[in-house]
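One file, target_1.txt, is given below (compact mmCIF, C-alpha atoms).
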# COMPACT_ATOMS: atom_id res chain seq x y z
CA MET A 1 -39.41 31.87 23.72
CA GLN A 2 -39.00 35.53 22.84
CA GLN A 3 -42.73 36.13 23.36
CA GLU A 4 -42.27 34.77 26.90
CA GLY A 5 -39.38 37.15 27.53
CA LEU A 6 -36.58 34.61 27.08
CA HIS A 7 -33.65 35.73 24.94
CA PRO A 8 -30.89 33.11 25.00
CA ALA A 9 -27.51 34.19 23.61
CA LEU A 10 -27.08 30.98 21.63
CA LEU A 11 -29.74 29.42 19.44
CA HIS A 12 -29.42 26.22 17.47
CA MET A 13 -31.72 23.77 15.80
CA ASP A 14 -29.32 21.79 13.68
CA ASN A 15 -27.46 18.54 13.81
CA THR A 16 -25.20 17.29 10.99
CA ALA A 17 -28.04 16.86 8.50
CA GLY A 18 -29.26 20.43 9.03
CA LEU A 19 -25.73 21.79 8.96
CA LEU A 20 -25.11 20.17 5.59
CA THR A 21 -28.44 20.95 3.94
CA ARG A 22 -30.36 23.82 5.58
CA PRO A 23 -28.33 27.01 6.22
CA GLU A 24 -31.53 28.97 6.85
CA THR A 25 -31.92 27.09 10.16
CA TRP A 26 -28.38 27.56 11.47
CA ARG A 27 -29.07 30.52 13.79
CA ASN A 28 -25.84 31.28 15.69
CA MET A 29 -24.82 27.74 16.66
CA VAL A 30 -24.98 24.20 15.28
CA ARG A 31 -24.04 20.80 16.70
CA PRO A 32 -22.27 18.88 13.97
CA GLY A 33 -22.26 15.43 15.64
CA ILE A 34 -21.19 12.78 13.14
CA ALA A 35 -19.71 15.43 10.81
CA LEU A 36 -16.86 15.75 13.32
CA TYR A 37 -15.89 12.22 12.30
CA GLY A 38 -16.17 13.18 8.62
CA TYR A 39 -19.46 11.43 7.91
CA ALA A 40 -22.96 12.57 7.00
CA LEU A 41 -26.24 10.80 7.64
CA GLN A 42 -26.97 10.80 3.91
CA GLN A 43 -23.79 8.79 3.29
CA SER A 44 -25.18 5.88 5.31
CA ARG A 45 -27.99 5.70 2.74
CA GLY A 46 -25.67 5.86 -0.23
CA GLY A 47 -26.24 9.54 -1.07
CA GLN A 48 -24.67 12.93 -0.60
CA PRO A 49 -25.96 16.13 0.98
CA ALA A 50 -29.02 17.59 -0.73
CA ALA A 51 -28.37 19.49 -3.95
CA ASN A 52 -30.12 22.63 -2.68
CA GLY A 53 -27.91 22.91 0.41
CA PRO A 54 -24.27 23.92 0.80
CA GLN A 55 -21.84 21.43 -0.62
CA PHE A 56 -19.36 20.22 1.96
CA VAL A 57 -16.75 17.61 1.24
CA LEU A 58 -16.37 15.45 4.31
CA GLU A 59 -13.42 13.14 4.77
CA PRO A 60 -13.41 10.53 7.53
CA ALA A 61 -11.25 11.87 10.36
CA LEU A 62 -10.99 8.70 12.45
CA SER A 63 -8.59 5.88 11.80
CA TRP A 64 -8.72 2.74 13.96
CA ARG A 65 -5.55 0.68 13.81
CA THR A 66 -3.99 -2.30 15.50
CA ARG A 67 -0.98 -4.55 14.95
CA ILE A 68 -0.55 -8.22 14.12
CA ILE A 69 0.41 -10.15 17.26
CA SER A 70 0.82 -13.60 15.74
CA ILE A 71 0.85 -15.40 12.38
CA ARG A 72 0.02 -19.08 12.02
CA GLU A 73 0.11 -21.49 9.09
CA PHE A 74 -2.89 -23.78 8.50
CA GLY A 75 -3.54 -26.52 5.97
CA ALA A 76 -6.74 -26.91 3.98
CA GLY A 77 -9.79 -28.09 5.89
CA GLN A 78 -8.91 -26.44 9.23
CA ALA A 79 -11.79 -24.92 11.23
CA LEU A 80 -10.89 -21.56 12.79
CA GLY A 81 -12.36 -19.42 15.54
CA TYR A 82 -15.19 -20.04 17.98
CA ASN A 83 -17.50 -22.79 16.75
CA GLY A 84 -15.28 -23.28 13.69
CA THR A 85 -17.38 -20.87 11.61
CA TYR A 86 -14.63 -20.65 9.01
CA THR A 87 -12.85 -23.59 7.38
CA THR A 88 -9.74 -23.05 5.26
CA THR A 89 -10.16 -24.14 1.65
CA HIS A 90 -6.40 -24.13 0.96
CA ALA A 91 -3.14 -23.73 2.83
CA ALA A 92 -3.49 -20.40 4.59
CA ARG A 93 -1.52 -17.87 6.57
CA ILE A 94 -3.70 -16.44 9.33
CA ALA A 95 -2.80 -13.36 11.35
CA VAL A 96 -4.15 -12.70 14.83
CA LEU A 97 -5.21 -9.17 15.82
CA PRO A 98 -5.60 -8.08 19.46
CA VAL A 99 -9.05 -6.56 18.96
CA GLY A 100 -12.54 -7.95 19.47
CA TYR A 101 -16.08 -7.14 20.44
CA ALA A 102 -14.99 -5.91 23.91
CA ASP A 103 -13.21 -3.13 21.99
CA GLY A 104 -16.32 -2.39 19.94
CA TYR A 105 -15.17 -4.35 16.88
CA ARG A 106 -18.49 -5.83 15.89
CA ARG A 107 -19.16 -9.58 15.69
CA GLY A 108 -21.25 -8.83 12.60
CA LEU A 109 -17.95 -8.55 10.70
CA SER A 110 -17.18 -12.23 11.35
CA ASN A 111 -16.44 -13.95 8.03
CA ARG A 112 -17.64 -10.80 6.21
CA GLY A 113 -15.47 -7.80 6.97
CA ARG A 114 -12.06 -6.80 5.71
CA VAL A 115 -9.06 -4.85 6.93
CA ILE A 116 -6.06 -3.25 5.23
CA VAL A 117 -2.58 -4.74 5.68
CA ARG A 118 0.48 -3.59 3.71
CA ASP A 119 -1.75 -1.73 1.24
CA MET A 120 -3.90 -4.79 0.52
CA TYR A 121 -7.31 -5.91 1.72
CA ALA A 122 -7.34 -8.97 3.96
CA PRO A 123 -10.60 -10.74 4.85
CA ILE A 124 -11.72 -11.41 8.40
CA VAL A 125 -12.04 -15.17 8.92
CA GLY A 126 -13.81 -16.94 11.75
CA ALA A 127 -15.93 -15.42 14.49
CA ILE A 128 -14.66 -12.25 16.09
CA SER A 129 -14.11 -13.05 19.74
CA MET A 130 -14.03 -10.82 22.80
CA ASP A 131 -10.35 -9.95 22.40
CA LEU A 132 -9.13 -11.39 19.09
CA THR A 133 -9.83 -11.25 15.36
CA LEU A 134 -8.37 -13.51 12.67
CA ILE A 135 -7.52 -12.31 9.16
CA ASP A 136 -6.30 -14.26 6.13
CA VAL A 137 -2.98 -12.79 4.96
CA THR A 138 -2.04 -15.64 2.60
CA HIS A 139 -1.94 -13.24 -0.38
CA VAL A 140 -0.17 -10.38 1.45
CA SER A 141 3.52 -10.55 0.58
CA GLY A 142 6.04 -10.03 3.39
CA VAL A 143 3.50 -9.66 6.18
CA GLU A 144 4.94 -10.17 9.65
CA GLU A 145 4.16 -9.78 13.33
CA GLY A 146 4.00 -6.14 14.35
CA ASP A 147 2.65 -4.95 10.99
CA ASP A 148 0.08 -2.16 11.15
CA VAL A 149 -3.52 -3.14 10.35
CA ILE A 150 -6.25 -0.64 9.49
CA LEU A 151 -9.66 -1.62 10.87
CA ILE A 152 -11.32 1.67 9.93
CA GLY A 153 -9.46 4.14 7.76
CA SER A 154 -7.62 4.31 4.48
CA SER A 155 -4.30 3.62 2.83
CA GLY A 156 -3.85 5.20 -0.58
CA PRO A 157 -6.91 4.29 -2.64
CA LEU A 158 -7.98 1.52 -0.23
CA ARG A 159 -10.65 2.37 2.33
CA VAL A 160 -12.66 0.61 5.01
CA ASP A 161 -14.95 3.22 6.52
CA ALA A 162 -17.70 3.27 9.12
CA VAL A 163 -20.35 3.22 6.37
CA GLU A 164 -19.01 -0.10 5.03
CA VAL A 165 -18.68 -1.59 8.52
CA ALA A 166 -22.20 -0.43 9.47
CA SER A 167 -23.67 -1.88 6.29
CA LEU A 168 -22.09 -5.28 6.97
CA CYS A 169 -23.38 -5.19 10.57
CA GLY A 170 -26.89 -4.05 9.66
CA THR A 171 -26.66 -0.76 11.52
CA VAL A 172 -25.67 2.89 11.03
CA PRO A 173 -22.24 4.57 11.13
CA TYR A 174 -23.20 6.37 14.37
CA GLU A 175 -23.37 3.05 16.21
CA ILE A 176 -20.02 1.89 14.85
CA LEU A 177 -18.24 5.13 15.76
CA CYS A 178 -19.85 5.49 19.18
CA GLY A 179 -19.32 1.81 19.94
CA ILE A 180 -15.52 1.92 20.03
CA SER A 181 -14.92 1.11 23.68
CA LYS A 182 -12.94 3.06 26.24
CA ARG A 183 -10.26 0.40 26.33
CA VAL A 184 -9.14 1.42 22.82
CA PRO A 185 -6.40 4.08 23.21
CA ARG A 186 -7.12 7.42 21.55
CA VAL A 187 -4.39 9.40 19.84
CA HIS A 188 -5.38 12.87 18.65
CA LEU A 189 -3.33 14.19 15.76
CA PRO A 190 -3.22 17.82 14.58
Please lay out the structure from this file as structure tokens.
Amino acid sequence: MQQEGLHPALLHMDNTAGLLTRPETWRNMVRPGIALYGYALQQSRGGQPAANGPQFVLEPALSWRTRIISIREFGAGQALGYNGTYTTTHAARIAVLPVGYADGYRRGLSNRGRVIVRDMYAPIVGAISMDLTLIDVTHVSGVEEGDDVILIGSSGPLRVDAVEVASLCGTVPYEILCGISKRVPRVHLP
């Protein structure tokens, strides 16, 4: 560019991976992308930034939460959700969450994913529908309607992050984070 007489004020070549591993390519601007969420591409493959690059500690910055809108009691042998893809094996307490694939909460988590309720993991049961998700809260003491539920985020030592969700859905964290639909309210905290 310079040989052709072009001298832009800002030069950048780097995305998150370059920012985390190749300072010699930074120039005077970088575009951090997924690092803004607190993730690195290497994390989706089970690793950390390269040993020869700068060492950054990234912490997930996004938390996706909802609240329980209903709790129902079911006996053993009850099929739940679309097409009855989950059948209770014992008496169960099932909570209903007002979130589904129209919100970007992936169907690939059906009968596989987990959430955090009252500082405990609770499994997703049944198929995630357009607007609702079912979780088994049988083992969560004192759970009630209105309780906060963490879909992506952490509570103390418990964590469900975009890497875990992506792995269960057979994709990458980028797709999970970018797939949260516009109908999900955003609250930016300092």
### Nearest to Val96 of chain A, chosen from A:His188, A:Arg65, A:Arg72, A:His139, with only C-alpha atoms counted in the distances
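Closest to Val96 of chain A, using only C-alpha atoms: A:Arg72.
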### Message
Quick one: residues within 6 Å of Ile94 of chain A, all atoms listed in the file, excluding same-chain residues fewer than 4 positions away - as a PyMOL selection string?
### Response
chain A and resi 71-72+135-137
Residue selection dump (C-alpha atoms) as a PDB file, keeping the file's coordinate frame:
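This went into out_4.pdb:
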ATOM      1  CA  ILE A  71       0.850 -15.400  12.380  1.00  0.00           C
ATOM      2  CA  ARG A  72       0.020 -19.080  12.020  1.00  0.00           C
ATOM      3  CA  ILE A 135      -7.520 -12.310   9.160  1.00  0.00           C
ATOM      4  CA  ASP A 136      -6.300 -14.260   6.130  1.00  0.00           C
ATOM      5  CA  VAL A 137      -2.980 -12.790   4.960  1.00  0.00           C
TER       6      VAL A 137
END
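Taking atom CA of Val163 of chain A as the reference point, atom CA of Trp26 of chain A is found at 26.1 Å.
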### Task
Work out how far atom CA of Tyr101 of chain A is from atom CA of Ser181 of chain A, in Å to one decimal.
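The value is 8.9 Å.
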### Task
Using atom CA of His12 of chain A and atom CA of Pro32 of chain A as the two end points, give the distance in Å to one decimal.
10.8 Å
